[in-house]
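For reference, query-v3.cif (mmCIF, C-alpha atoms; chains and numbers go by the auth columns):
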```
data_run
loop_
_atom_site.group_PDB
_atom_site.id
_atom_site.type_symbol
_atom_site.label_atom_id
_atom_site.label_comp_id
_atom_site.label_asym_id
_atom_site.label_seq_id
_atom_site.Cartn_x
_atom_site.Cartn_y
_atom_site.Cartn_z
_atom_site.B_iso_or_equiv
_atom_site.auth_seq_id
_atom_site.auth_asym_id
ATOM 1 C CA MET A 1 -120.952 99.908 26.064 0.00 9 B
ATOM 2 C CA ASN A 2 -117.752 98.050 26.948 0.00 10 B
ATOM 3 C CA ASN A 3 -116.994 95.563 24.188 0.00 11 B
ATOM 4 C CA GLN A 4 -115.489 92.965 26.544 0.00 12 B
ATOM 5 C CA ASN A 5 -117.310 89.768 27.508 0.00 13 B
ATOM 6 C CA LEU A 6 -120.262 90.316 25.188 0.00 14 B
ATOM 7 C CA LYS A 7 -122.416 87.236 24.803 0.00 15 B
ATOM 8 C CA SER A 8 -125.344 86.800 22.454 0.00 16 B
ATOM 9 C CA LEU A 9 -127.110 89.350 20.277 0.00 17 B
ATOM 10 C CA LYS A 10 -130.581 88.652 18.901 0.00 18 B
ATOM 11 C CA ILE A 11 -132.266 91.136 16.550 0.00 19 B
ATOM 12 C CA LEU A 12 -135.422 90.699 14.484 0.00 20 B
ATOM 13 C CA SER A 13 -136.487 93.184 11.827 0.00 21 B
ATOM 14 C CA ILE A 14 -140.010 93.550 10.475 0.00 22 B
ATOM 15 C CA GLY A 15 -138.930 95.013 7.226 0.00 23 B
ATOM 16 C CA ASN A 16 -138.280 95.284 3.541 0.00 24 B
ATOM 17 C CA SER A 17 -135.309 95.898 1.239 0.00 25 B
ATOM 18 C CA PHE A 18 -134.088 98.734 3.479 0.00 26 B
ATOM 19 C CA SER A 19 -133.852 96.376 6.449 0.00 27 B
ATOM 20 C CA MET A 20 -132.022 93.945 4.161 0.00 28 B
ATOM 21 C CA ASP A 21 -129.534 96.700 3.344 0.00 29 B
ATOM 22 C CA THR A 22 -129.145 97.639 7.006 0.00 30 B
ATOM 23 C CA MET A 23 -128.643 94.105 8.313 0.00 31 B
ATOM 24 C CA GLU A 24 -126.577 92.546 5.518 0.00 32 B
ATOM 25 C CA HIS A 25 -123.223 93.035 7.259 0.00 33 B
ATOM 26 C CA LEU A 26 -124.578 93.111 10.817 0.00 34 B
ATOM 27 C CA ALA A 27 -123.437 89.630 11.845 0.00 35 B
ATOM 28 C CA ASN A 28 -119.854 90.256 10.752 0.00 36 B
ATOM 29 C CA VAL A 29 -119.819 93.672 12.406 0.00 37 B
ATOM 30 C CA ALA A 30 -121.184 92.343 15.705 0.00 38 B
ATOM 31 C CA LEU A 31 -118.836 89.351 15.831 0.00 39 B
ATOM 32 C CA SER A 32 -115.860 91.555 14.993 0.00 40 B
ATOM 33 C CA LEU A 33 -116.753 93.863 17.876 0.00 41 B
ATOM 34 C CA GLY A 34 -116.799 91.068 20.423 0.00 42 B
ATOM 35 C CA TYR A 35 -120.179 89.354 20.439 0.00 43 B
ATOM 36 C CA GLN A 36 -119.772 85.618 20.941 0.00 44 B
ATOM 37 C CA SER A 37 -122.921 84.679 19.022 0.00 45 B
ATOM 38 C CA VAL A 38 -125.577 86.367 16.909 0.00 46 B
ATOM 39 C CA LYS A 39 -129.087 85.497 15.800 0.00 47 B
ATOM 40 C CA LEU A 40 -130.585 87.821 13.212 0.00 48 B
ATOM 41 C CA GLY A 41 -133.976 87.650 11.571 0.00 49 B
ATOM 42 C CA ASN A 42 -135.442 89.757 8.799 0.00 50 B
ATOM 43 C CA LEU A 43 -139.085 89.499 7.744 0.00 51 B
ATOM 44 C CA TYR A 44 -138.998 90.748 4.172 0.00 52 B
ATOM 45 C CA ILE A 45 -141.531 92.086 1.695 0.00 53 B
ATOM 46 C CA GLY A 46 -140.130 94.471 -0.907 0.00 54 B
ATOM 47 C CA GLY A 47 -141.150 98.054 -0.114 0.00 55 B
ATOM 48 C CA CYS A 48 -143.517 96.977 2.671 0.00 56 B
ATOM 49 C CA SER A 49 -145.109 99.950 4.425 0.00 57 B
ATOM 50 C CA LEU A 50 -146.197 100.255 8.043 0.00 58 B
ATOM 51 C CA ASN A 51 -149.811 99.978 6.944 0.00 59 B
ATOM 52 C CA LYS A 52 -149.049 96.714 5.151 0.00 60 B
ATOM 53 C CA HIS A 53 -147.019 95.338 8.058 0.00 61 B
ATOM 54 C CA PHE A 54 -149.918 95.982 10.411 0.00 62 B
ATOM 55 C CA TYR A 55 -152.448 94.463 7.997 0.00 63 B
ATOM 56 C CA ASN A 56 -150.305 91.329 7.738 0.00 64 B
ATOM 57 C CA ALA A 57 -149.951 91.162 11.515 0.00 65 B
ATOM 58 C CA GLU A 58 -153.624 91.773 12.258 0.00 66 B
ATOM 59 C CA ASN A 59 -154.640 89.052 9.815 0.00 67 B
ATOM 60 C CA ASP A 60 -151.764 86.720 10.773 0.00 68 B
ATOM 61 C CA LEU A 61 -150.706 86.299 7.143 0.00 69 B
ATOM 62 C CA ALA A 62 -147.781 84.137 6.057 0.00 70 B
ATOM 63 C CA ALA A 63 -146.738 86.888 3.670 0.00 71 B
ATOM 64 C CA TYR A 64 -143.013 87.268 4.363 0.00 72 B
ATOM 65 C CA ARG A 65 -139.768 85.781 3.162 0.00 73 B
ATOM 66 C CA TYR A 66 -137.912 85.167 6.408 0.00 74 B
ATOM 67 C CA PHE A 67 -134.132 85.572 6.320 0.00 75 B
ATOM 68 C CA GLN A 68 -132.032 84.300 9.231 0.00 76 B
ATOM 69 C CA ASN A 69 -128.339 84.590 10.058 0.00 77 B
ATOM 70 C CA THR A 70 -126.448 83.049 12.974 0.00 78 B
ATOM 71 C CA GLY A 71 -123.046 84.215 11.811 0.00 79 B
ATOM 72 C CA ASP A 72 -122.593 81.917 8.848 0.00 80 B
ATOM 73 C CA GLY A 73 -124.612 83.690 6.161 0.00 81 B
ATOM 74 C CA TRP A 74 -128.262 84.258 5.394 0.00 82 B
ATOM 75 C CA ARG A 75 -130.836 81.498 4.930 0.00 83 B
ATOM 76 C CA GLU A 76 -134.363 82.003 3.609 0.00 84 B
ATOM 77 C CA THR A 77 -137.701 80.490 4.633 0.00 85 B
ATOM 78 C CA PRO A 78 -140.742 81.379 2.475 0.00 86 B
ATOM 79 C CA GLU A 79 -144.292 82.136 3.624 0.00 87 B
ATOM 80 C CA HIS A 80 -143.570 83.221 7.187 0.00 88 B
ATOM 81 C CA LYS A 81 -145.753 85.054 9.714 0.00 89 B
ATOM 82 C CA ILE A 82 -144.775 87.949 11.942 0.00 90 B
ATOM 83 C CA SER A 83 -146.341 86.119 14.889 0.00 91 B
ATOM 84 C CA ASP A 84 -144.180 83.030 14.407 0.00 92 B
ATOM 85 C CA ALA A 85 -140.986 85.058 14.152 0.00 93 B
ATOM 86 C CA LEU A 86 -141.818 87.090 17.266 0.00 94 B
ATOM 87 C CA LYS A 87 -142.345 83.941 19.336 0.00 95 B
ATOM 88 C CA GLU A 88 -139.320 82.123 17.919 0.00 96 B
ATOM 89 C CA CYS A 89 -136.928 83.249 20.665 0.00 97 B
ATOM 90 C CA ASP A 90 -136.279 85.894 23.303 0.00 98 B
ATOM 91 C CA TRP A 91 -135.225 88.659 20.905 0.00 99 B
ATOM 92 C CA ASP A 92 -133.157 91.461 22.425 0.00 100 B
ATOM 93 C CA TRP A 93 -134.394 93.901 19.818 0.00 101 B
ATOM 94 C CA ILE A 94 -137.261 94.027 17.346 0.00 102 B
ATOM 95 C CA SER A 95 -136.832 96.668 14.686 0.00 103 B
ATOM 96 C CA ILE A 96 -139.566 98.126 12.498 0.00 104 B
ATOM 97 C CA GLN A 97 -138.890 99.400 8.979 0.00 105 B
ATOM 98 C CA HIS A 98 -141.186 101.578 6.884 0.00 106 B
ATOM 99 C CA GLY A 99 -141.435 101.317 3.095 0.00 107 B
ATOM 100 C CA THR A 100 -143.241 103.137 0.317 0.00 108 B
ATOM 101 C CA LYS A 101 -144.275 100.592 -2.310 0.00 109 B
ATOM 102 C CA ASP A 102 -148.008 101.240 -1.785 0.00 110 B
ATOM 103 C CA LYS A 103 -147.362 104.971 -2.350 0.00 111 B
ATOM 104 C CA SER A 104 -146.855 105.614 1.334 0.00 112 B
ATOM 105 C CA ARG A 105 -144.227 108.269 1.998 0.00 113 B
ATOM 106 C CA TYR A 106 -141.256 108.523 4.327 0.00 114 B
ATOM 107 C CA THR A 107 -142.020 112.226 4.688 0.00 115 B
ATOM 108 C CA SER A 108 -145.750 112.073 5.381 0.00 116 B
ATOM 109 C CA VAL A 109 -147.042 111.866 8.956 0.00 117 B
ATOM 110 C CA GLU A 110 -150.111 110.005 7.692 0.00 118 B
ATOM 111 C CA SER A 111 -147.943 107.127 6.466 0.00 119 B
ATOM 112 C CA TYR A 112 -146.955 106.358 10.085 0.00 120 B
ATOM 113 C CA GLU A 113 -150.545 106.077 11.334 0.00 121 B
ATOM 114 C CA LYS A 114 -150.261 102.345 12.082 0.00 122 B
ATOM 115 C CA LEU A 115 -146.909 102.508 13.885 0.00 123 B
ATOM 116 C CA PRO A 116 -148.365 102.659 17.439 0.00 124 B
ATOM 117 C CA ALA A 117 -150.711 99.759 16.704 0.00 125 B
ATOM 118 C CA LEU A 118 -147.885 97.706 15.208 0.00 126 B
ATOM 119 C CA ILE A 119 -145.698 98.357 18.260 0.00 127 B
ATOM 120 C CA GLU A 120 -148.551 97.298 20.520 0.00 128 B
ATOM 121 C CA TYR A 121 -149.004 94.092 18.500 0.00 129 B
ATOM 122 C CA VAL A 122 -145.291 93.318 18.682 0.00 130 B
ATOM 123 C CA LYS A 123 -145.109 93.910 22.431 0.00 131 B
ATOM 124 C CA GLY A 124 -148.132 91.676 22.935 0.00 132 B
ATOM 125 C CA LEU A 125 -146.378 88.651 21.379 0.00 133 B
ATOM 126 C CA ALA A 126 -142.672 89.210 22.041 0.00 134 B
ATOM 127 C CA TRP A 127 -141.045 88.282 25.328 0.00 135 B
ATOM 128 C CA SER A 128 -141.271 91.005 27.948 0.00 136 B
ATOM 129 C CA GLY A 129 -137.579 91.935 27.775 0.00 137 B
ATOM 130 C CA ALA A 130 -137.558 92.752 24.059 0.00 138 B
ATOM 131 C CA LYS A 131 -136.948 96.386 23.132 0.00 139 B
ATOM 132 C CA ILE A 132 -138.485 98.091 20.110 0.00 140 B
ATOM 133 C CA ALA A 133 -136.462 100.049 17.565 0.00 141 B
ATOM 134 C CA PHE A 134 -137.350 102.028 14.467 0.00 142 B
ATOM 135 C CA ASN A 135 -134.840 102.205 11.615 0.00 143 B
ATOM 136 C CA MET A 136 -134.944 105.637 9.990 0.00 144 B
ATOM 137 C CA ALA A 137 -134.614 105.429 6.209 0.00 145 B
ATOM 138 C CA TRP A 138 -132.191 107.334 4.017 0.00 146 B
ATOM 139 C CA VAL A 139 -133.253 109.607 1.198 0.00 147 B
ATOM 140 C CA ALA A 140 -132.759 108.812 -2.458 0.00 148 B
ATOM 141 C CA GLU A 141 -130.187 110.258 -4.823 0.00 149 B
ATOM 142 C CA PRO A 142 -131.333 113.276 -6.875 0.00 150 B
ATOM 143 C CA TYR A 143 -131.328 111.250 -10.108 0.00 151 B
ATOM 144 C CA SER A 144 -133.557 108.493 -8.681 0.00 152 B
ATOM 145 C CA HIS A 145 -136.987 107.890 -10.215 0.00 153 B
ATOM 146 C CA HIS A 146 -138.496 106.923 -6.866 0.00 154 B
ATOM 147 C CA HIS A 147 -141.850 108.659 -6.474 0.00 155 B
ATOM 148 C CA GLU A 148 -140.917 110.519 -3.312 0.00 156 B
ATOM 149 C CA ILE A 149 -137.667 112.162 -4.424 0.00 157 B
ATOM 150 C CA THR A 150 -139.311 113.138 -7.721 0.00 158 B
ATOM 151 C CA SER A 151 -142.037 114.880 -5.728 0.00 159 B
ATOM 152 C CA TYR A 152 -139.242 117.072 -4.350 0.00 160 B
ATOM 153 C CA ASN A 153 -137.925 117.695 -7.873 0.00 161 B
ATOM 154 C CA GLY A 154 -134.759 115.791 -7.041 0.00 162 B
ATOM 155 C CA ASP A 155 -133.938 118.067 -4.101 0.00 163 B
ATOM 156 C CA GLN A 156 -132.236 115.636 -1.727 0.00 164 B
ATOM 157 C CA MET A 157 -131.763 118.154 1.073 0.00 165 B
ATOM 158 C CA LEU A 158 -135.412 119.184 0.985 0.00 166 B
ATOM 159 C CA MET A 159 -136.492 115.558 1.233 0.00 167 B
ATOM 160 C CA TYR A 160 -134.015 114.912 4.060 0.00 168 B
ATOM 161 C CA GLN A 161 -135.263 117.881 6.089 0.00 169 B
ATOM 162 C CA SER A 162 -138.826 116.722 5.557 0.00 170 B
ATOM 163 C CA LEU A 163 -137.866 113.212 6.660 0.00 171 B
ATOM 164 C CA LEU A 164 -136.359 114.583 9.871 0.00 172 B
ATOM 165 C CA GLU A 165 -139.440 116.639 10.653 0.00 173 B
ATOM 166 C CA THR A 166 -141.777 113.721 10.014 0.00 174 B
ATOM 167 C CA THR A 167 -139.645 111.331 12.066 0.00 175 B
ATOM 168 C CA GLN A 168 -139.676 113.710 15.011 0.00 176 B
ATOM 169 C CA ALA A 169 -143.419 114.290 14.683 0.00 177 B
ATOM 170 C CA ALA A 170 -144.658 110.772 13.947 0.00 178 B
ATOM 171 C CA VAL A 171 -142.038 108.257 15.092 0.00 179 B
ATOM 172 C CA LEU A 172 -140.378 109.535 18.272 0.00 180 B
ATOM 173 C CA PRO A 173 -143.679 110.060 20.141 0.00 181 B
ATOM 174 C CA ALA A 174 -144.903 106.502 19.418 0.00 182 B
ATOM 175 C CA LYS A 175 -145.714 104.751 22.691 0.00 183 B
ATOM 176 C CA GLY A 176 -143.503 101.754 23.359 0.00 184 B
ATOM 177 C CA LEU A 177 -140.650 102.792 21.060 0.00 185 B
ATOM 178 C CA ASP A 178 -137.289 102.417 22.809 0.00 186 B
ATOM 179 C CA VAL A 179 -134.816 103.756 20.261 0.00 187 B
ATOM 180 C CA LEU A 180 -134.467 105.279 16.817 0.00 188 B
ATOM 181 C CA SER A 181 -131.576 104.233 14.590 0.00 189 B
ATOM 182 C CA PRO A 182 -130.590 107.375 12.623 0.00 190 B
ATOM 183 C CA THR A 183 -129.373 105.358 9.652 0.00 191 B
ATOM 184 C CA GLY A 184 -130.529 107.967 7.158 0.00 192 B
ATOM 185 C CA THR A 185 -128.474 110.649 8.859 0.00 193 B
ATOM 186 C CA ALA A 186 -125.370 108.427 8.826 0.00 194 B
ATOM 187 C CA ILE A 187 -125.745 108.094 5.047 0.00 195 B
ATOM 188 C CA GLN A 188 -126.141 111.873 4.717 0.00 196 B
ATOM 189 C CA ASN A 189 -123.008 112.328 6.810 0.00 197 B
ATOM 190 C CA ALA A 190 -121.119 109.974 4.495 0.00 198 B
ATOM 191 C CA ARG A 191 -122.333 111.994 1.514 0.00 199 B
ATOM 192 C CA THR A 192 -120.095 114.828 2.761 0.00 200 B
ATOM 193 C CA THR A 193 -117.015 112.642 2.155 0.00 201 B
ATOM 194 C CA GLN A 194 -115.175 110.984 -0.712 0.00 202 B
ATOM 195 C CA LEU A 195 -117.598 108.059 -0.255 0.00 203 B
ATOM 196 C CA VAL A 196 -120.409 110.085 -1.818 0.00 204 B
ATOM 197 C CA ASP A 197 -120.375 108.132 -5.109 0.00 205 B
ATOM 198 C CA LYS A 198 -120.060 104.742 -3.395 0.00 206 B
ATOM 199 C CA LEU A 199 -123.208 104.732 -1.253 0.00 207 B
ATOM 200 C CA SER A 200 -126.012 103.701 -3.616 0.00 208 B
ATOM 201 C CA ARG A 201 -126.417 100.897 -6.142 0.00 209 B
ATOM 202 C CA ASP A 202 -129.464 102.254 -7.960 0.00 210 B
ATOM 203 C CA GLY A 203 -130.167 105.738 -6.594 0.00 211 B
ATOM 204 C CA PHE A 204 -132.468 104.395 -3.899 0.00 212 B
ATOM 205 C CA HIS A 205 -131.009 101.294 -2.230 0.00 213 B
ATOM 206 C CA LEU A 206 -127.616 101.265 -0.543 0.00 214 B
ATOM 207 C CA SER A 207 -124.508 99.989 -2.276 0.00 215 B
ATOM 208 C CA TYR A 208 -123.637 96.403 -1.430 0.00 216 B
ATOM 209 C CA ILE A 209 -120.325 97.327 0.188 0.00 217 B
ATOM 210 C CA HIS A 210 -119.907 100.856 1.553 0.00 218 B
ATOM 211 C CA GLY A 211 -123.543 101.886 2.029 0.00 219 B
ATOM 212 C CA ARG A 212 -124.577 98.669 3.746 0.00 220 B
ATOM 213 C CA TYR A 213 -121.492 98.758 5.954 0.00 221 B
ATOM 214 C CA ILE A 214 -122.315 102.230 7.271 0.00 222 B
ATOM 215 C CA ALA A 215 -125.921 101.195 7.877 0.00 223 B
ATOM 216 C CA SER A 216 -124.877 98.133 9.899 0.00 224 B
ATOM 217 C CA LEU A 217 -122.434 100.141 11.997 0.00 225 B
ATOM 218 C CA THR A 218 -125.067 102.768 12.767 0.00 226 B
ATOM 219 C CA PHE A 219 -127.834 100.275 13.485 0.00 227 B
ATOM 220 C CA LEU A 220 -125.750 98.196 15.892 0.00 228 B
ATOM 221 C CA LYS A 221 -124.468 101.192 17.841 0.00 229 B
ATOM 222 C CA ALA A 222 -127.921 102.783 18.034 0.00 230 B
ATOM 223 C CA LEU A 223 -129.499 99.631 19.450 0.00 231 B
ATOM 224 C CA THR A 224 -126.743 98.423 21.775 0.00 232 B
ATOM 225 C CA GLY A 225 -124.562 101.426 22.584 0.00 233 B
ATOM 226 C CA ILE A 226 -121.485 99.381 21.675 0.00 234 B
ATOM 227 C CA SER A 227 -118.319 101.236 20.690 0.00 235 B
ATOM 228 C CA ILE A 228 -117.549 100.748 17.006 0.00 236 B
ATOM 229 C CA ASP A 229 -114.284 102.701 17.058 0.00 237 B
ATOM 230 C CA GLY A 230 -111.951 99.731 17.135 0.00 238 B
ATOM 231 C CA ILE A 231 -113.687 97.539 14.587 0.00 239 B
ATOM 232 C CA LYS A 232 -111.266 95.466 12.557 0.00 240 B
ATOM 233 C CA TRP A 233 -113.666 93.937 10.038 0.00 241 B
ATOM 234 C CA ALA A 234 -114.875 95.632 6.877 0.00 242 B
ATOM 235 C CA PRO A 235 -116.261 94.168 3.652 0.00 243 B
ATOM 236 C CA GLU A 236 -113.773 93.436 0.916 0.00 244 B
ATOM 237 C CA GLY A 237 -113.321 96.614 -1.096 0.00 245 B
ATOM 238 C CA VAL A 238 -113.397 98.995 1.895 0.00 246 B
ATOM 239 C CA SER A 239 -110.011 100.592 2.488 0.00 247 B
ATOM 240 C CA GLU A 240 -108.711 101.491 5.939 0.00 248 B
ATOM 241 C CA GLY A 241 -109.432 105.153 5.263 0.00 249 B
ATOM 242 C CA GLU A 242 -112.941 104.362 4.077 0.00 250 B
ATOM 243 C CA LYS A 243 -113.521 102.272 7.201 0.00 251 B
ATOM 244 C CA GLN A 244 -112.569 105.252 9.345 0.00 252 B
ATOM 245 C CA LEU A 245 -114.926 107.493 7.379 0.00 253 B
ATOM 246 C CA SER A 246 -117.726 104.951 7.780 0.00 254 B
ATOM 247 C CA VAL A 247 -117.230 104.720 11.538 0.00 255 B
ATOM 248 C CA ALA A 248 -117.108 108.515 11.821 0.00 256 B
ATOM 249 C CA ALA A 249 -120.332 108.917 9.817 0.00 257 B
ATOM 250 C CA ALA A 250 -122.113 106.410 12.053 0.00 258 B
ATOM 251 C CA ASN A 251 -120.781 107.896 15.294 0.00 259 B
ATOM 252 C CA ALA A 252 -121.769 111.413 14.266 0.00 260 B
ATOM 253 C CA ALA A 253 -125.304 110.264 13.426 0.00 261 B
ATOM 254 C CA ILE A 254 -125.708 108.699 16.864 0.00 262 B
ATOM 255 C CA GLU A 255 -124.383 111.879 18.477 0.00 263 B
ATOM 256 C CA THR A 256 -126.471 114.233 16.308 0.00 264 B
ATOM 257 C CA PRO A 257 -129.323 112.270 14.720 0.00 265 B
ATOM 258 C CA PHE A 258 -131.301 115.175 13.277 0.00 266 B
ATOM 259 C CA ALA A 259 -128.627 117.180 11.470 0.00 267 B
ATOM 260 C CA ILE A 260 -125.852 116.468 9.005 0.00 268 B
ATOM 261 C CA THR A 261 -122.326 116.400 10.397 0.00 269 B
ATOM 262 C CA PRO A 262 -119.588 117.026 7.800 0.00 270 B
ATOM 263 C CA ILE A 263 -116.961 114.285 8.116 0.00 271 B
ATOM 264 C CA THR A 264 -113.424 115.590 7.710 0.00 272 B
ATOM 265 C CA ILE A 265 -111.099 112.689 8.561 0.00 273 B
#
```
Output the file's structure in the form of structure tokens.
Amino acid sequence: MNNQNLKSLKILSIGNSFSMDTMEHLANVALSLGYQSVKLGNLYIGGCSLNKHFYNAENDLAAYRYFQNTGDGWRETPEHKISDALKECDWDWISIQHGTKDKSRYTSVESYEKLPALIEYVKGLAWSGAKIAFNMAWVAEPYSHHHEITSYNGDQMLMYQSLLETTQAAVLPAKGLDVLSPTGTAIQNARTTQLVDKLSRDGFHLSYIHGRYIASLTFLKALTGISIDGIKWAPEGVSEGEKQLSVAAANAAIETPFAITPITI
């Protein structure tokens, strides 16, 4: 996408802490790349799974903390419903995020059982022009105590390969899905660089600076097709070289979403 004369960008995420990580720097990234205005929404429950999202939607529960950003930082509204957020405006994109707090798994096809029903619910309430995205998670660090990586005995590559297989089997075929953001692959790409020790804050969530920056770059390019090559903005603490590595990791994930690309800048 040509980055000239871009107007508004409106993205809503039905998510959890991983969508918080992915969207934290998104407003700054989008504005730096030429968007004139942004409206971001994130419906948050820590670790919320697809099953739980659908249960909350089906029962119209005010179960979410709703975070919003129009370019001047995040604001929070408690006790929010998915239905209210969907009807709030004419969202360009609505992204769905899976979580594992109820012992669901990123690497189990069964954990994605409610994805088609959730997409159908979203499309039934959102304006007709909204597109649906799915944000692919990243895998944990080998030392993490998260139940899924421990089930792979700390073998990050084994978990990543399983995640890819499950995503291709259970996410890509979902009716009504318009795009997959290969955020997890971008993080794996970055793990081939000198950024490897700067990507996680606790072995499971992304680091506040470098990890979240890469996720935002990947997510925005996946959804919009915008070129991120000339971005000038980066969070404080990201060097020019690290910015280039971050952009390269994101670009490579968009180009090759289901395999790791070693980054050699």
Hey, what comes out of the PyMOL selection byres ((chain B and resi 57) around 10) on this file? Could you write it as a ChimeraX atom specification?
/B:23-24,53-56,58-63,104-114,119-120,122-123
Residue selection dump (C-alpha atoms) as a PDB file, in the coordinates of the input:
```
ATOM      1  CA  GLY B  23    -138.930  95.013   7.226  1.00  0.00           C
ATOM      2  CA  ASN B  24    -138.280  95.284   3.541  1.00  0.00           C
ATOM      3  CA  ILE B  53    -141.531  92.086   1.695  1.00  0.00           C
ATOM      4  CA  GLY B  54    -140.130  94.471  -0.907  1.00  0.00           C
ATOM      5  CA  GLY B  55    -141.150  98.054  -0.114  1.00  0.00           C
ATOM      6  CA  CYS B  56    -143.517  96.977   2.671  1.00  0.00           C
ATOM      7  CA  LEU B  58    -146.197 100.255   8.043  1.00  0.00           C
ATOM      8  CA  ASN B  59    -149.811  99.978   6.944  1.00  0.00           C
ATOM      9  CA  LYS B  60    -149.049  96.714   5.151  1.00  0.00           C
ATOM     10  CA  HIS B  61    -147.019  95.338   8.058  1.00  0.00           C
ATOM     11  CA  PHE B  62    -149.918  95.982  10.411  1.00  0.00           C
ATOM     12  CA  TYR B  63    -152.448  94.463   7.997  1.00  0.00           C
ATOM     13  CA  ILE B 104    -139.566  98.126  12.498  1.00  0.00           C
ATOM     14  CA  GLN B 105    -138.890  99.400   8.979  1.00  0.00           C
ATOM     15  CA  HIS B 106    -141.186 101.578   6.884  1.00  0.00           C
ATOM     16  CA  GLY B 107    -141.435 101.317   3.095  1.00  0.00           C
ATOM     17  CA  THR B 108    -143.241 103.137   0.317  1.00  0.00           C
ATOM     18  CA  LYS B 109    -144.275 100.592  -2.310  1.00  0.00           C
ATOM     19  CA  ASP B 110    -148.008 101.240  -1.785  1.00  0.00           C
ATOM     20  CA  LYS B 111    -147.362 104.971  -2.350  1.00  0.00           C
ATOM     21  CA  SER B 112    -146.855 105.614   1.334  1.00  0.00           C
ATOM     22  CA  ARG B 113    -144.227 108.269   1.998  1.00  0.00           C
ATOM     23  CA  TYR B 114    -141.256 108.523   4.327  1.00  0.00           C
ATOM     24  CA  SER B 119    -147.943 107.127   6.466  1.00  0.00           C
ATOM     25  CA  TYR B 120    -146.955 106.358  10.085  1.00  0.00           C
ATOM     26  CA  LYS B 122    -150.261 102.345  12.082  1.00  0.00           C
ATOM     27  CA  LEU B 123    -146.909 102.508  13.885  1.00  0.00           C
TER      28      LEU B 123
END
```
Residue neighbourhood Pro265 in chain B, 7 Å, all atoms listed in the file, exclusion window fewer than 4 positions, as an mmCIF file with C-alpha atoms, in the frame of the given file:
```
data_model
loop_
_atom_site.group_PDB
_atom_site.id
_atom_site.type_symbol
_atom_site.label_atom_id
_atom_site.label_comp_id
_atom_site.auth_asym_id
_atom_site.auth_seq_id
_atom_site.Cartn_x
_atom_site.Cartn_y
_atom_site.Cartn_z
ATOM 1 C CA PRO B 190 -130.590 107.375 12.623
ATOM 2 C CA THR B 193 -128.474 110.649 8.859
ATOM 3 C CA ALA B 261 -125.304 110.264 13.426
#
```
As a check of understanding, name the residues that the PyMOL selection byres ((chain B and resi 17) around 6) selects in the supplied structure, as number ranges by chain.
B: 16, 18, 46
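Relative to CA of Asp68 in chain B, CA of Gly81 in chain B is found at 27.7 Å.
Put simply, CA of Pro181 in chain B is 22.7 Å away from CA of Ala260 in chain B.
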Given the file shown, enumerate the residues that the PyMOL selection byres ((chain B and resi 174) around 12) captures and present them as a list in words.
Arg113, Tyr114, Thr115, Ser116, Val117, Glu118, Ser119, Tyr120, Glu121, Met144, Ala145, Met167, Tyr168, Gln169, Ser170, Leu171, Leu172, Glu173, Thr175, Gln176, Ala177, Ala178, Val179, Leu180, Pro181 and Phe266 of chain B
Using only the atoms of range 192-208 of chain B listed in the file, plus 6 Å on each side, state the axis-aligned box centre and edge lengths in Å rounded to one decimal, as AutoDock Vina command-line options.
```
--center_x -122.9 --center_y 109.3 --center_z 1.9 --size_x 27.4 --size_y 23.1 --size_z 26.0
```
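Proximity to Pro270 in chain B at 12 Å, evaluated using all atoms listed in the file and with sequence-adjacent residues fewer than 5 positions away removed, yields B:Thr193, B:Ala194, B:Ile195, B:Gln196, B:Asn197, B:Ala198, B:Arg199, B:Thr200, B:Thr201, B:Gln202, B:Val204, B:Leu253, B:Ala256, B:Ala257, B:Ala258, B:Asn259, B:Ala260, B:Ala261, B:Thr264.
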For the residues selected in the previous step, produce a file with C-alpha atoms as an mmCIF file, keeping the file's coordinate frame.
```cif
data_model
loop_
_atom_site.group_PDB
_atom_site.id
_atom_site.type_symbol
_atom_site.label_atom_id
_atom_site.label_comp_id
_atom_site.auth_asym_id
_atom_site.auth_seq_id
_atom_site.Cartn_x
_atom_site.Cartn_y
_atom_site.Cartn_z
ATOM 1 C CA THR B 193 -128.474 110.649 8.859
ATOM 2 C CA ALA B 194 -125.370 108.427 8.826
ATOM 3 C CA ILE B 195 -125.745 108.094 5.047
ATOM 4 C CA GLN B 196 -126.141 111.873 4.717
ATOM 5 C CA ASN B 197 -123.008 112.328 6.810
ATOM 6 C CA ALA B 198 -121.119 109.974 4.495
ATOM 7 C CA ARG B 199 -122.333 111.994 1.514
ATOM 8 C CA THR B 200 -120.095 114.828 2.761
ATOM 9 C CA THR B 201 -117.015 112.642 2.155
ATOM 10 C CA GLN B 202 -115.175 110.984 -0.712
ATOM 11 C CA VAL B 204 -120.409 110.085 -1.818
ATOM 12 C CA LEU B 253 -114.926 107.493 7.379
ATOM 13 C CA ALA B 256 -117.108 108.515 11.821
ATOM 14 C CA ALA B 257 -120.332 108.917 9.817
ATOM 15 C CA ALA B 258 -122.113 106.410 12.053
ATOM 16 C CA ASN B 259 -120.781 107.896 15.294
ATOM 17 C CA ALA B 260 -121.769 111.413 14.266
ATOM 18 C CA ALA B 261 -125.304 110.264 13.426
ATOM 19 C CA THR B 264 -126.471 114.233 16.308
#
```
Closest of B:Ala93, B:Ile19, B:Ile222, B:Ile236 to Lys139 in chain B - atom-to-atom distances counting only C-alpha atoms
B:Ile19
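The residue that comes closest to Thr158 in chain B, out of B:Ala35, B:Ile127, B:Gly211, B:Asp237 and on the basis of all atoms listed in the file, is B:Gly211.
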Out of B:Gly79, B:Gly184, B:Pro150, B:Gly49, which residue has the shortest atom-to-atom distance to Leu126 in chain B when counting all atoms listed in the file?
B:Gly184
Length of the CA of Leu231 in chain B to CA of Ile262 in chain B vector [Å]:
10.2 Å
Neighbouring residues of Glu32 in chain B were defined as those with any atom within 8 Å, considering all atoms listed in the file; residues of the same chain fewer than 4 positions away were excluded. Please report them as a PyMOL selection string.
chain B and resi 28+220+224
